[in-house]
$ cat coords_36.txt   # compact mmCIF, C-alpha atoms
# COMPACT_ATOMS: atom_id res chain seq x y z
CA MET A 31 17.48 -9.75 84.22
CA MET A 32 19.95 -6.93 84.38
CA LEU A 33 18.49 -3.45 84.51
CA GLU A 34 20.44 -2.60 81.38
CA ASP A 35 18.93 -5.52 79.46
CA LEU A 36 15.48 -4.53 80.62
CA TYR A 37 16.13 -0.98 79.46
CA ARG A 38 17.32 -2.23 76.07
CA LEU A 39 14.28 -4.44 75.71
CA LEU A 40 11.88 -1.66 76.63
CA ARG A 41 13.69 0.78 74.42
CA SER A 42 13.62 -1.44 71.35
CA GLY A 43 9.89 -2.05 71.96
CA HIS A 44 9.28 1.67 72.24
CA VAL A 45 11.33 2.51 69.17
CA GLN A 46 9.47 -0.11 67.17
CA ALA A 47 6.05 1.16 68.28
CA GLN A 48 7.05 4.78 67.60
CA GLY A 49 8.40 3.69 64.21
CA VAL A 50 5.05 2.16 63.32
CA VAL A 51 3.18 5.28 64.34
CA ASP A 52 5.55 7.59 62.48
CA THR A 53 5.47 5.49 59.32
CA ILE A 54 1.73 5.84 59.02
CA THR A 55 1.05 8.61 56.51
CA GLN A 56 -2.21 9.77 58.08
CA PRO A 57 -1.89 12.36 60.82
CA ILE A 58 -2.45 10.86 64.26
CA VAL A 59 -2.74 12.60 67.61
CA VAL A 60 -3.33 11.15 71.09
CA LEU A 61 -5.29 13.22 73.59
CA ASP A 62 -5.69 12.71 77.32
CA HIS A 63 -9.02 12.85 79.14
CA ASN A 64 -8.77 16.64 79.27
CA LEU A 65 -8.31 16.62 75.48
CA CYS A 66 -4.75 17.85 75.80
CA VAL A 67 -2.16 16.53 73.30
CA VAL A 68 -0.14 13.60 74.67
CA THR A 69 1.65 12.81 71.46
CA ALA A 70 1.41 13.37 67.73
CA ASN A 71 3.02 11.47 64.86
CA ASN A 72 5.29 12.91 62.17
CA ALA A 73 2.47 13.04 59.64
CA PHE A 74 0.45 15.26 62.00
CA ILE A 75 3.38 17.64 62.50
CA LYS A 76 4.03 17.74 58.76
CA THR A 77 0.46 17.99 57.54
CA PHE A 78 -0.61 20.80 59.87
CA LYS A 79 2.80 22.47 59.84
CA ALA A 80 2.85 22.36 63.64
CA ASP A 81 5.82 22.55 65.97
CA ARG A 82 6.12 19.46 68.19
CA ASP A 83 7.16 21.49 71.22
CA ASP A 84 4.29 23.90 70.73
CA ILE A 85 1.57 21.32 70.80
CA GLN A 86 2.68 18.92 73.52
CA GLY A 87 0.36 19.22 76.53
CA ARG A 88 -1.81 21.87 74.91
CA LEU A 89 -5.55 21.68 74.61
CA PHE A 90 -6.32 20.17 71.18
CA PHE A 91 -9.07 22.65 70.39
CA GLU A 92 -6.69 25.57 70.95
CA LEU A 93 -4.06 24.32 68.51
CA GLY A 94 -3.18 26.43 65.50
CA ASN A 95 -5.36 29.41 66.42
CA GLY A 96 -8.25 27.12 67.30
CA GLN A 97 -8.40 25.55 63.82
CA TRP A 98 -9.97 22.41 65.28
CA ASN A 99 -12.37 24.30 67.46
CA ILE A 100 -15.38 23.10 65.56
CA ASP A 101 -18.47 22.63 67.69
CA ALA A 102 -19.65 19.38 66.20
CA LEU A 103 -16.20 17.81 66.42
CA ARG A 104 -15.80 18.99 70.01
CA GLN A 105 -19.00 17.31 71.08
CA LEU A 106 -18.14 14.11 69.26
CA VAL A 107 -14.64 13.78 70.72
CA ALA A 108 -15.95 14.61 74.18
CA ALA A 109 -18.51 11.81 73.83
CA VAL A 110 -15.80 9.25 73.04
CA ILE A 111 -14.23 9.41 76.50
CA PRO A 112 -17.05 8.51 78.87
CA ASN A 113 -18.92 6.20 76.52
CA ALA A 114 -16.11 4.24 74.96
CA ALA A 115 -17.81 5.16 71.72
CA ALA A 116 -15.99 5.85 68.51
CA VAL A 117 -16.36 8.60 65.97
CA ILE A 118 -15.69 7.26 62.50
CA GLY A 119 -15.40 9.25 59.33
CA PHE A 120 -16.60 12.56 60.70
CA LYS A 121 -16.17 15.02 57.86
CA VAL A 122 -14.49 18.34 58.57
CA SER A 123 -14.18 20.93 55.80
CA HIS A 124 -12.20 23.84 57.04
CA ASP A 125 -9.94 26.62 55.86
CA PHE A 126 -6.79 25.80 57.82
CA PRO A 127 -4.42 28.73 58.42
CA ALA A 128 -1.26 27.01 57.19
CA ILE A 129 -2.58 24.62 54.54
CA GLY A 130 -5.73 26.24 53.19
CA GLN A 131 -9.10 24.72 52.43
CA ARG A 132 -9.08 20.99 53.18
CA THR A 133 -11.54 18.24 53.88
CA PHE A 134 -10.64 15.56 56.43
CA LEU A 135 -12.40 12.46 57.61
CA VAL A 136 -11.74 12.28 61.35
CA ASP A 137 -11.78 9.05 63.38
CA ALA A 138 -11.64 9.28 67.19
CA ARG A 139 -11.50 6.18 69.43
CA ARG A 140 -10.46 5.33 72.94
CA LEU A 141 -6.83 4.24 72.84
CA ALA A 142 -6.47 0.48 73.30
CA HIS A 143 -4.88 -0.48 76.63
CA PRO A 144 -4.32 -3.94 78.15
CA ASP A 145 -6.26 -3.01 81.31
CA ASP A 146 -9.00 -1.46 79.23
CA ASN A 147 -8.98 1.59 81.44
CA SER A 148 -7.37 4.14 79.17
CA SER A 149 -9.04 7.48 78.98
CA ASN A 150 -6.80 8.64 76.13
CA VAL A 151 -8.29 9.27 72.76
CA LEU A 152 -6.62 8.42 69.46
CA VAL A 153 -7.59 10.83 66.70
CA LEU A 154 -6.85 9.95 63.07
CA PHE A 155 -7.13 12.30 60.12
CA GLU A 156 -7.56 11.32 56.53
CA ASP A 157 -7.14 14.01 53.90
CA VAL A 158 -9.92 13.45 51.36
CA THR A 159 -9.66 16.83 49.64
CA GLU A 160 -8.33 15.33 46.40
CA ARG A 161 -10.67 12.36 46.51
CA GLN A 162 -13.61 14.68 47.04
CA ARG A 163 -12.52 16.89 44.14
CA HIS A 164 -12.19 13.79 41.99
CA ASP A 165 -15.66 12.58 43.04
CA GLU A 166 -17.13 15.96 42.18
CA GLU A 167 -15.47 15.84 38.77
CA MET A 168 -16.83 12.34 38.18
CA ASP A 169 -20.32 13.49 39.17
CA PHE A 170 -20.03 16.39 36.77
CA ILE A 171 -18.87 14.15 33.91
CA LEU A 172 -21.66 11.69 34.64
CA ALA A 173 -24.30 14.43 34.65
CA GLU A 174 -22.88 15.80 31.40
CA THR A 175 -22.92 12.35 29.81
CA ARG A 176 -26.49 11.78 30.89
CA HIS A 177 -27.44 15.14 29.42
CA ARG A 178 -25.69 14.32 26.14
CA MET A 179 -27.37 10.93 25.92
CA LYS A 180 -30.80 12.44 26.44
CA ASN A 181 -30.04 15.00 23.78
CA LEU A 182 -28.73 12.42 21.35
CA PHE A 183 -31.81 10.28 21.85
CA ALA A 184 -33.99 13.31 21.16
CA VAL A 185 -31.99 13.96 17.98
CA VAL A 186 -32.36 10.36 16.73
CA ARG A 187 -36.08 10.52 17.45
CA SER A 188 -36.40 13.80 15.54
CA ILE A 189 -34.48 12.51 12.53
CA ALA A 190 -36.87 9.55 12.36
CA MET A 191 -39.85 11.93 12.66
CA GLN A 192 -38.50 14.34 10.06
CA THR A 193 -37.81 11.63 7.48
CA GLU A 194 -40.79 11.50 5.14
CA THR A 195 -42.81 8.28 5.09
CA GLN A 196 -45.34 9.14 2.41
CA GLY A 197 -45.03 7.61 -1.04
CA ARG A 198 -41.89 5.58 -0.35
CA SER A 199 -41.04 2.00 0.52
CA ALA A 200 -39.93 0.87 3.95
CA LEU A 201 -36.53 0.05 2.46
CA ASP A 202 -36.19 3.55 1.04
CA TYR A 203 -37.24 5.07 4.36
CA ARG A 204 -34.75 2.90 6.25
CA ASP A 205 -31.84 3.78 3.95
CA THR A 206 -32.63 7.48 4.09
CA LEU A 207 -32.92 7.35 7.89
CA LEU A 208 -29.66 5.43 8.31
CA GLY A 209 -27.85 7.79 5.93
CA ARG A 210 -28.95 10.79 7.98
CA LEU A 211 -28.10 9.07 11.27
CA ASP A 212 -24.58 8.40 9.94
CA VAL A 213 -24.13 12.07 9.11
CA ALA A 214 -25.43 13.08 12.56
CA LEU A 215 -23.10 10.63 14.31
CA ARG A 216 -20.05 11.77 12.35
CA ALA A 217 -20.90 15.41 13.04
CA GLU A 218 -21.23 14.61 16.76
CA GLU A 219 -17.79 13.00 16.70
CA ILE A 220 -16.26 16.06 15.03
CA GLU A 221 -18.02 18.35 17.53
CA VAL A 222 -16.69 16.56 20.62
CA SER A 223 -13.19 16.14 19.17
CA ASP A 224 -12.68 19.92 19.54
CA SER A 225 -10.50 20.03 16.45
CA PRO A 226 -11.77 22.64 14.00
CA ALA A 227 -13.57 21.18 11.00
CA GLU A 228 -12.65 22.42 7.57
CA LEU A 229 -15.19 22.83 4.83
CA LYS A 230 -13.35 21.05 2.01
CA PRO A 231 -12.52 17.74 3.74
CA LEU A 232 -16.00 17.75 5.28
CA LEU A 233 -17.54 18.16 1.82
CA ILE A 234 -15.39 15.38 0.32
CA GLN A 235 -16.09 13.03 3.21
CA THR A 236 -19.83 13.71 3.10
CA VAL A 237 -20.16 13.14 -0.63
CA GLY A 238 -18.21 9.91 -0.15
CA PRO A 239 -16.42 7.55 -2.53
CA ILE A 240 -19.03 7.95 -5.26
CA GLY A 241 -17.91 11.54 -5.81
CA MET A 242 -14.19 10.92 -5.37
CA GLU A 243 -13.23 11.47 -9.03
CA ARG A 244 -16.13 13.63 -10.00
CA LEU A 245 -16.22 16.35 -7.39
CA GLU A 246 -14.36 19.56 -8.12
CA CYS A 247 -14.01 21.96 -5.21
CA THR A 248 -12.84 25.56 -5.38
CA GLY A 249 -12.70 27.95 -2.49
CA PRO A 250 -10.63 29.34 0.36
CA THR A 251 -9.87 27.38 3.52
CA VAL A 252 -12.88 27.71 5.81
CA SER A 253 -12.84 26.60 9.44
CA LEU A 254 -16.33 25.74 10.59
CA PRO A 255 -17.52 26.36 14.14
CA SER A 256 -18.62 23.06 15.66
CA SER A 257 -22.29 24.13 15.71
CA LYS A 258 -22.27 24.39 11.89
CA VAL A 259 -20.78 20.95 11.20
CA LEU A 260 -24.05 19.01 11.36
CA PRO A 261 -26.19 21.38 9.27
CA ILE A 262 -23.53 21.86 6.58
CA SER A 263 -22.71 18.16 6.27
CA MET A 264 -26.43 17.33 6.29
CA THR A 265 -27.00 19.77 3.43
CA PHE A 266 -24.18 18.24 1.35
CA HIS A 267 -25.39 14.75 2.25
CA GLU A 268 -28.89 15.50 0.96
CA LEU A 269 -27.52 17.06 -2.23
CA ALA A 270 -25.15 14.12 -2.81
CA THR A 271 -27.89 11.55 -2.10
CA ASN A 272 -30.16 13.20 -4.64
CA ALA A 273 -27.31 13.48 -7.15
CA ALA A 274 -26.65 9.74 -6.80
CA LYS A 275 -30.33 8.89 -7.22
CA TYR A 276 -31.48 11.33 -9.87
CA GLY A 277 -28.66 13.74 -10.73
CA ALA A 278 -25.10 13.95 -11.98
CA LEU A 279 -23.82 11.07 -9.85
CA SER A 280 -26.43 8.70 -11.33
CA VAL A 281 -24.57 8.52 -14.66
CA PRO A 282 -20.87 7.79 -15.34
CA ASP A 283 -20.03 11.15 -16.93
CA GLY A 284 -21.76 13.39 -14.44
CA ARG A 285 -19.70 15.90 -12.52
CA ILE A 286 -20.26 18.24 -9.59
CA ARG A 287 -18.56 21.58 -9.16
CA VAL A 288 -18.69 23.21 -5.76
CA ASN A 289 -17.45 26.79 -5.33
CA TRP A 290 -17.49 28.83 -2.18
CA SER A 291 -16.39 32.17 -0.81
CA LEU A 292 -16.60 34.12 2.41
CA GLN A 293 -18.32 37.49 2.37
CA GLU A 294 -19.05 40.15 4.91
CA GLY A 295 -22.77 40.21 5.66
CA PRO A 296 -25.01 42.54 7.68
CA ARG A 297 -23.64 43.65 11.08
CA GLY A 298 -20.17 42.43 10.25
CA ARG A 299 -21.08 38.75 10.30
CA THR A 300 -19.17 36.51 7.91
CA HIS A 301 -21.35 34.59 5.47
CA LEU A 302 -20.41 31.46 3.61
CA HIS A 303 -21.69 31.52 0.02
CA CYS A 304 -21.60 28.12 -1.57
CA GLU A 305 -22.71 26.97 -4.99
CA TRP A 306 -23.29 23.34 -5.91
CA ARG A 307 -23.55 22.83 -9.67
CA GLU A 308 -24.26 19.49 -11.33
CA GLN A 309 -23.12 18.93 -14.92
CA ASN A 310 -23.29 16.20 -17.56
CA GLY A 311 -26.05 14.47 -15.66
CA PRO A 312 -29.38 13.25 -16.98
CA ARG A 313 -32.00 15.79 -17.94
CA VAL A 314 -33.41 17.27 -14.77
CA GLU A 315 -37.04 17.71 -13.87
CA ALA A 316 -38.19 19.51 -10.77
CA PRO A 317 -39.28 16.98 -8.15
CA ASP A 318 -43.04 16.80 -7.75
CA ARG A 319 -43.05 15.24 -4.33
CA LYS A 320 -41.66 15.86 -0.90
CA GLY A 321 -39.02 13.65 0.63
CA TYR A 322 -36.55 14.77 -1.97
CA GLY A 323 -34.52 16.39 0.75
CA THR A 324 -35.24 19.87 -0.56
CA ASP A 325 -37.37 20.70 2.47
CA LEU A 326 -34.59 19.56 4.72
CA ILE A 327 -32.02 21.69 2.88
CA ARG A 328 -34.29 24.74 3.08
CA GLY A 329 -35.07 24.10 6.74
CA THR A 330 -31.42 23.59 7.59
CA CYS A 331 -30.24 26.84 6.03
CA ALA A 332 -33.15 28.82 7.51
CA HIS A 333 -32.39 27.36 10.94
CA LEU A 334 -28.95 28.95 10.82
CA GLY A 335 -30.38 32.28 9.71
CA GLY A 336 -29.23 31.71 6.12
CA ASN A 337 -31.05 30.71 2.96
CA SER A 338 -30.94 28.30 0.05
CA GLU A 339 -32.01 28.44 -3.53
CA LEU A 340 -32.46 25.26 -5.55
CA ASN A 341 -32.72 25.64 -9.29
CA PHE A 342 -33.75 22.49 -11.15
CA ALA A 343 -32.51 23.57 -14.59
CA PRO A 344 -32.85 20.85 -17.27
CA GLU A 345 -29.04 20.65 -17.75
CA GLY A 346 -28.39 20.13 -14.06
CA LEU A 347 -29.33 21.15 -10.54
CA THR A 348 -27.76 24.27 -9.08
CA ALA A 349 -28.01 24.94 -5.34
CA LYS A 350 -26.96 28.27 -3.86
CA ILE A 351 -26.52 28.30 -0.13
CA THR A 352 -25.78 31.20 2.19
CA ILE A 353 -25.00 30.57 5.85
CA PRO A 354 -23.72 33.00 8.49
CA LEU A 355 -20.66 31.54 10.23
CA MET B 162 -42.38 46.25 15.20
CA ILE B 163 -45.29 44.46 13.54
CA PRO B 164 -48.00 43.33 15.94
CA PRO B 165 -48.69 39.58 15.95
CA VAL B 166 -51.18 38.48 13.33
CA GLU B 167 -53.37 35.40 13.22
CA ASP B 168 -52.16 32.82 10.73
CA GLU B 169 -54.01 31.59 7.68
CA PHE B 170 -55.72 28.88 9.72
CA GLY B 171 -57.12 31.65 11.85
CA HIS B 172 -56.65 30.17 15.30
CA GLY B 173 -52.99 29.56 16.01
CA GLY B 174 -50.98 32.68 16.50
CA CYS B 175 -47.24 33.01 16.25
CA VAL B 176 -44.72 30.94 18.24
CA LEU B 177 -41.01 31.66 18.36
CA VAL B 178 -38.97 28.44 18.46
CA VAL B 179 -35.36 28.55 19.67
CA GLU B 180 -33.51 25.24 19.50
CA ASP B 181 -29.96 24.65 18.32
CA GLU B 182 -30.30 20.96 17.42
CA LEU B 183 -31.34 21.00 13.77
CA PHE B 184 -33.66 18.00 13.70
CA ILE B 185 -35.29 18.73 17.04
CA ALA B 186 -35.90 22.28 15.84
CA LEU B 187 -37.48 21.01 12.62
CA GLU B 188 -39.65 18.55 14.54
CA VAL B 189 -40.90 21.20 16.97
CA LYS B 190 -41.72 23.36 13.96
CA THR B 191 -43.61 20.53 12.26
CA VAL B 192 -45.56 19.69 15.43
CA LEU B 193 -46.58 23.32 16.02
CA THR B 194 -47.36 24.01 12.36
CA GLU B 195 -49.58 20.94 12.17
CA ALA B 196 -51.37 22.13 15.32
CA GLY B 197 -52.24 25.38 13.52
CA PHE B 198 -49.57 27.75 14.81
CA ARG B 199 -47.29 29.86 12.71
CA VAL B 200 -43.67 29.31 13.67
CA LEU B 201 -41.11 32.09 13.89
CA GLY B 202 -37.76 30.43 13.29
CA PRO B 203 -36.69 27.94 14.44
CA ALA B 204 -33.65 29.97 15.49
CA SER B 205 -30.39 28.30 16.43
CA SER B 206 -28.62 31.14 18.26
CA VAL B 207 -29.29 34.13 20.51
CA ASP B 208 -28.51 36.64 17.71
CA HIS B 209 -30.74 34.88 15.25
CA ALA B 210 -33.63 34.75 17.73
CA LEU B 211 -33.30 38.42 18.68
CA ASP B 212 -33.33 39.32 14.97
CA LEU B 213 -36.56 37.39 14.51
CA ILE B 214 -38.20 38.99 17.58
CA ASN B 215 -37.27 42.43 16.26
CA GLU B 216 -38.95 41.64 12.95
CA GLU B 217 -42.11 40.29 14.54
CA ARG B 218 -43.29 40.00 18.09
CA PRO B 219 -44.49 36.43 18.75
CA ASN B 220 -47.49 35.49 20.92
CA SER B 221 -45.38 32.97 22.80
CA ALA B 222 -42.05 31.16 22.64
CA VAL B 223 -40.61 27.66 23.06
CA LEU B 224 -36.97 27.78 24.15
CA ASP B 225 -34.15 25.31 24.57
CA PHE B 226 -31.66 26.25 27.31
CA ASN B 227 -28.26 25.34 25.85
CA LEU B 228 -27.59 26.82 22.43
CA GLY B 229 -24.15 25.45 21.66
CA ARG B 230 -21.84 27.64 23.72
CA GLU B 231 -24.60 30.15 24.46
CA LYS B 232 -27.40 30.07 26.99
CA VAL B 233 -30.92 31.14 26.14
CA THR B 234 -31.10 33.64 29.04
CA PRO B 235 -30.72 36.87 26.97
CA ILE B 236 -33.74 35.81 24.91
CA ALA B 237 -35.71 34.91 28.06
CA LEU B 238 -34.93 38.33 29.51
CA HIS B 239 -36.01 40.09 26.32
CA LEU B 240 -39.27 38.11 26.13
CA ARG B 241 -40.02 38.98 29.76
CA THR B 242 -39.56 42.66 29.00
CA LEU B 243 -41.95 42.35 26.06
CA GLY B 244 -44.44 40.38 28.18
CA VAL B 245 -44.29 37.38 25.82
CA PRO B 246 -44.96 34.08 27.70
CA PHE B 247 -42.54 31.22 27.07
CA VAL B 248 -41.78 27.64 28.02
CA LEU B 249 -38.53 25.63 28.10
CA THR B 250 -37.79 22.33 26.38
CA SER B 251 -34.46 21.36 27.89
CA ALA B 252 -32.64 18.29 29.19
CA THR B 253 -30.77 20.54 31.63
CA SER B 254 -31.31 19.75 35.33
CA ALA B 255 -33.79 21.81 37.35
CA ASP B 256 -30.88 22.67 39.63
CA GLU B 257 -28.94 24.38 36.86
CA LEU B 258 -32.04 26.14 35.48
CA SER B 259 -32.95 27.52 38.91
CA ARG B 260 -29.68 29.47 38.96
CA HIS B 261 -30.95 31.82 36.26
CA ARG B 262 -33.33 34.54 37.39
CA SER B 263 -34.63 35.13 33.88
CA LEU B 264 -36.06 31.57 34.01
CA ASP B 265 -37.72 32.01 37.39
CA GLY B 266 -41.10 30.26 37.48
CA ILE B 267 -40.79 29.05 33.88
CA ASN B 268 -42.15 25.61 33.06
CA ASN B 269 -39.68 23.09 31.56
CA LEU B 270 -41.27 20.41 29.37
CA GLY B 271 -37.99 18.47 29.26
CA LYS B 272 -36.33 16.73 26.36
CA PRO B 273 -37.30 14.65 24.47
CA THR B 274 -40.45 16.75 24.52
CA ASP B 275 -43.88 15.14 24.39
CA PRO B 276 -45.50 16.76 21.31
CA ILE B 277 -49.03 16.62 22.76
CA ARG B 278 -47.94 18.34 25.93
CA LEU B 279 -46.05 20.91 23.88
CA VAL B 280 -49.12 21.80 21.81
CA ASP B 281 -51.35 21.95 24.92
CA THR B 282 -48.87 24.22 26.67
CA VAL B 283 -48.59 26.60 23.72
CA ARG B 284 -52.42 26.66 23.39
CA ALA B 285 -52.69 27.56 27.07
CA MET B 286 -50.19 30.40 26.60
CA HIS B 287 -52.27 31.80 23.74
CA ALA B 288 -55.59 31.49 25.57

$ encode --input "coords_36.txt" --output "structure tokens"
Amino acid sequence: MMLEDLYRLLRSGHVQAQGVVDTITQPIVVLDHNLCVVTANNAFIKTFKADRDDIQGRLFFELGNGQWNIDALRQLVAAVIPNAAAVIGFKVSHDFPAIGQRTFLVDARRLAHPDDNSSNVLVLFEDVTERQRHDEEMDFILAETRHRMKNLFAVVRSIAMQTETQGRSALDYRDTLLGRLDVALRAEEIEVSDSPAELKPLLIQTVGPIGMERLECTGPTVSLPSSKVLPISMTFHELATNAAKYGALSVPDGRIRVNWSLQEGPRGRTHLHCEWREQNGPRVEAPDRKGYGTDLIRGTCAHLGGNSELNFAPEGLTAKITIPL
Amino acid sequence: MIPPVEDEFGHGGCVLVVEDELFIALEVKTVLTEAGFRVLGPASSVDHALDLINEERPNSAVLDFNLGREKVTPIALHLRTLGVPFVLTSATSADELSRHRSLDGINNLGKPTDPIRLVDTVRAMHA
């Protein structure tokens, strides 16, 4: 074979091998037995913003102001040479001068050689900064979800406990419980949606189709903070349920008027004043037993630092509710 | 400030309850009331709870950690200053709770909270 042919053959082999190494996107560096840089691929030069001429032949642990001079890594790489061992996935979190805080997984192995007598070390870097950030985010979301689920379970349990059992049928208990669970679920959906809830649509939705034609609302636009969505919809739900069972919504001609206003309360806090007035319903008698939802309405308003006043007048129930927003 | 008074059942004493979840708050109140305590609140926010404490100093307190966007820590700090013992009922991880000095050494009964354990704990705080 002509020398020129041999040269061409060797050259094309070399170019191909170099091409492979430079195409790999992970930074790669080859060190000799003294841990001096023999060669580095393009990704290494690019990632660590190094100058090829500056690093050739220099001690790896002195590169870039000693950015790799990390004790644990030093010991590991040093152990690779005599023992033919490999370091795989050694995690290095470091504030690199040119590229900032990064986390790399470092692999170091003896470089493969046909005679199996190479003392060079191939070091591979994998940037896992983004992956790690993503994992941390996932962990956070998972923990948050777990927390929410625990909370939701506690809420469901409490609704079941707070729904009166005395003097009512299992069917009645079940319907009341499911009605309240529906309200709680819808409120939860509004809370996590992050869109502000408005009083009027919330009132109309809570009263439901039964009140569609018979509910008359008057009041300014009120945006409710998410923490007030559940208590306010629960209060309307209880009032509407009672109206459908015993009040204005239990007869065809019954009507409900709801008026509200915002007023400045003590210490500059805004209070919502809301009046629910039932008209043209059957003659009203004050309920003589619990489970009418009145306790729940009272408890709900008190929980928010407000109050409620239920007046069972013969011509129709009037409820006055005050809640700080 | 009015000093704590014994309730009509004569043995309970007054417990402040701070819990933002409506139904959980009502349940805690029911459990404690049935066990013979008088319940201050339940309060759903830091402001509301501080108002209640200023009206009447409780013998003890049962606190949730997350109150919507608020944390219970200002209340915990205030109760510590007043020397009022309290316990947490929170689903928040021990890790997160340990970051707040005002909750140092405070027992967390977790959530959902076992009502029997809750009553026993409050009794022990009043003993």

$ interface_residues --input "coords_36.txt" --of "chain B" --to "chain A" --cutoff "7 Å" --atoms "all atoms listed in the file" --output "compact mmCIF listing (two decimals) with C-alpha atoms, keeping the file's coordinate frame"
# COMPACT_ATOMS: atom_id res chain seq x y z
CA LEU B 183 -31.34 21.00 13.77
CA PHE B 184 -33.66 18.00 13.70
CA ILE B 185 -35.29 18.73 17.04
CA GLU B 188 -39.65 18.55 14.54
CA GLY B 202 -37.76 30.43 13.29
CA PRO B 203 -36.69 27.94 14.44
CA ALA B 204 -33.65 29.97 15.49
CA SER B 205 -30.39 28.30 16.43
CA HIS B 209 -30.74 34.88 15.25
CA GLY B 229 -24.15 25.45 21.66
CA ALA B 252 -32.64 18.29 29.19
CA THR B 253 -30.77 20.54 31.63
CA LYS B 272 -36.33 16.73 26.36
CA PRO B 273 -37.30 14.65 24.47

$ atom_distance --input "coords_36.txt" --atom1 "CA of Ala227 in chain A" --atom2 "CA of Leu187 in chain B"
24.0 Å

$ residues_around --input "coords_36.txt" --residues "Ile118 in chain A" --least-positions-apart "2" --cutoff "9 Å" --atoms "only C-alpha atoms" --output "JSON, numbers by chain"
{"A": [116, 120, 135, 136, 137, 138, 139]}

$ write_last_selection --input "coords_36.txt" --atoms "C-alpha atoms" --output "PDB file, in the coordinates of the input"
ATOM      1  CA  ALA A 116     -15.990   5.850  68.510  1.00  0.00           C
ATOM      2  CA  PHE A 120     -16.600  12.560  60.700  1.00  0.00           C
ATOM      3  CA  LEU A 135     -12.400  12.460  57.610  1.00  0.00           C
ATOM      4  CA  VAL A 136     -11.740  12.280  61.350  1.00  0.00           C
ATOM      5  CA  ASP A 137     -11.780   9.050  63.380  1.00  0.00           C
ATOM      6  CA  ALA A 138     -11.640   9.280  67.190  1.00  0.00           C
ATOM      7  CA  ARG A 139     -11.500   6.180  69.430  1.00  0.00           C
TER       8      ARG A 139
END

$ closest_residue --input "coords_36.txt" --among "B:Val192, B:Ser254, B:Val178, B:Arg199" --to "Asp275 in chain B" --atoms "only C-alpha atoms"
B:Val192

$ residues_around --input "coords_36.txt" --residues "Ile129 in chain A" --least-positions-apart "6" --cutoff "8 Å" --atoms "only C-alpha atoms" --output "ChimeraX atom specification"
/A:77-79

$ write_last_selection --input "coords_36.txt" --atoms "C-alpha atoms" --output "PDB file, in the coordinates of the input"
ATOM      1  CA  THR A  77       0.460  17.990  57.540  1.00  0.00           C
ATOM      2  CA  PHE A  78      -0.610  20.800  59.870  1.00  0.00           C
ATOM      3  CA  LYS A  79       2.800  22.470  59.840  1.00  0.00           C
TER       4      LYS A  79
END

$ atom_distance --input "coords_36.txt" --atom1 "CA of Asn289 in chain A" --atom2 "CA of Ser225 in chain A"
23.8 Å

$ atom_distance --input "coords_36.txt" --atom1 "CA of Glu243 in chain A" --atom2 "CA of Val288 in chain A"
13.4 Å

$ residues_around --input "coords_36.txt" --residues "range 59-76 of chain A" --least-positions-apart "2" --cutoff "7 Å" --atoms "all atoms listed in the file" --output "PyMOL selection string"
chain A and resi 51-52+55-57+78-82+85-90+111+149-154

$ closest_residue --input "coords_36.txt" --among "B:Val207, B:Leu264, B:Leu243, B:Leu249" --to "Leu279 in chain B" --atoms "all atoms listed in the file"
B:Leu249

$ decode --input "coords_36.txt" --residues "range 240-265 of chain B" --atoms "C-alpha atoms" --output "JSON list (two decimals), in the first residue's frame"
[["chain", "number", "residue", "atom", "x", "y", "z"],
["B", 240, "LEU", "CA", -50.31, 32.52, 72.78],
["B", 241, "ARG", "CA", -46.71, 31.83, 73.83],
["B", 242, "THR", "CA", -46.39, 35.38, 75.14],
["B", 243, "LEU", "CA", -49.60, 34.93, 77.11],
["B", 244, "GLY", "CA", -48.44, 31.52, 78.40],
["B", 245, "VAL", "CA", -51.48, 29.76, 76.88],
["B", 246, "PRO", "CA", -50.65, 26.12, 75.93],
["B", 247, "PHE", "CA", -51.69, 24.97, 72.46],
["B", 248, "VAL", "CA", -51.63, 22.01, 70.12],
["B", 249, "LEU", "CA", -51.65, 21.73, 66.31],
["B", 250, "THR", "CA", -54.08, 19.78, 64.12],
["B", 251, "SER", "CA", -52.44, 20.00, 60.72],
["B", 252, "ALA", "CA", -51.78, 17.83, 57.67],
["B", 253, "THR", "CA", -48.60, 19.83, 57.05],
["B", 254, "SER", "CA", -45.35, 17.82, 57.15],
["B", 255, "ALA", "CA", -43.21, 17.84, 60.29],
["B", 256, "ASP", "CA", -40.41, 19.18, 58.10],
["B", 257, "GLU", "CA", -42.34, 22.32, 57.20],
["B", 258, "LEU", "CA", -43.60, 22.84, 60.76],
["B", 259, "SER", "CA", -40.08, 22.57, 62.20],
["B", 260, "ARG", "CA", -39.08, 25.66, 60.20],
["B", 261, "HIS", "CA", -41.19, 27.88, 62.44],
["B", 262, "ARG", "CA", -39.71, 28.79, 65.80],
["B", 263, "SER", "CA", -43.08, 29.75, 67.24],
["B", 264, "LEU", "CA", -44.10, 26.08, 66.86],
["B", 265, "ASP", "CA", -40.98, 24.69, 68.51]]
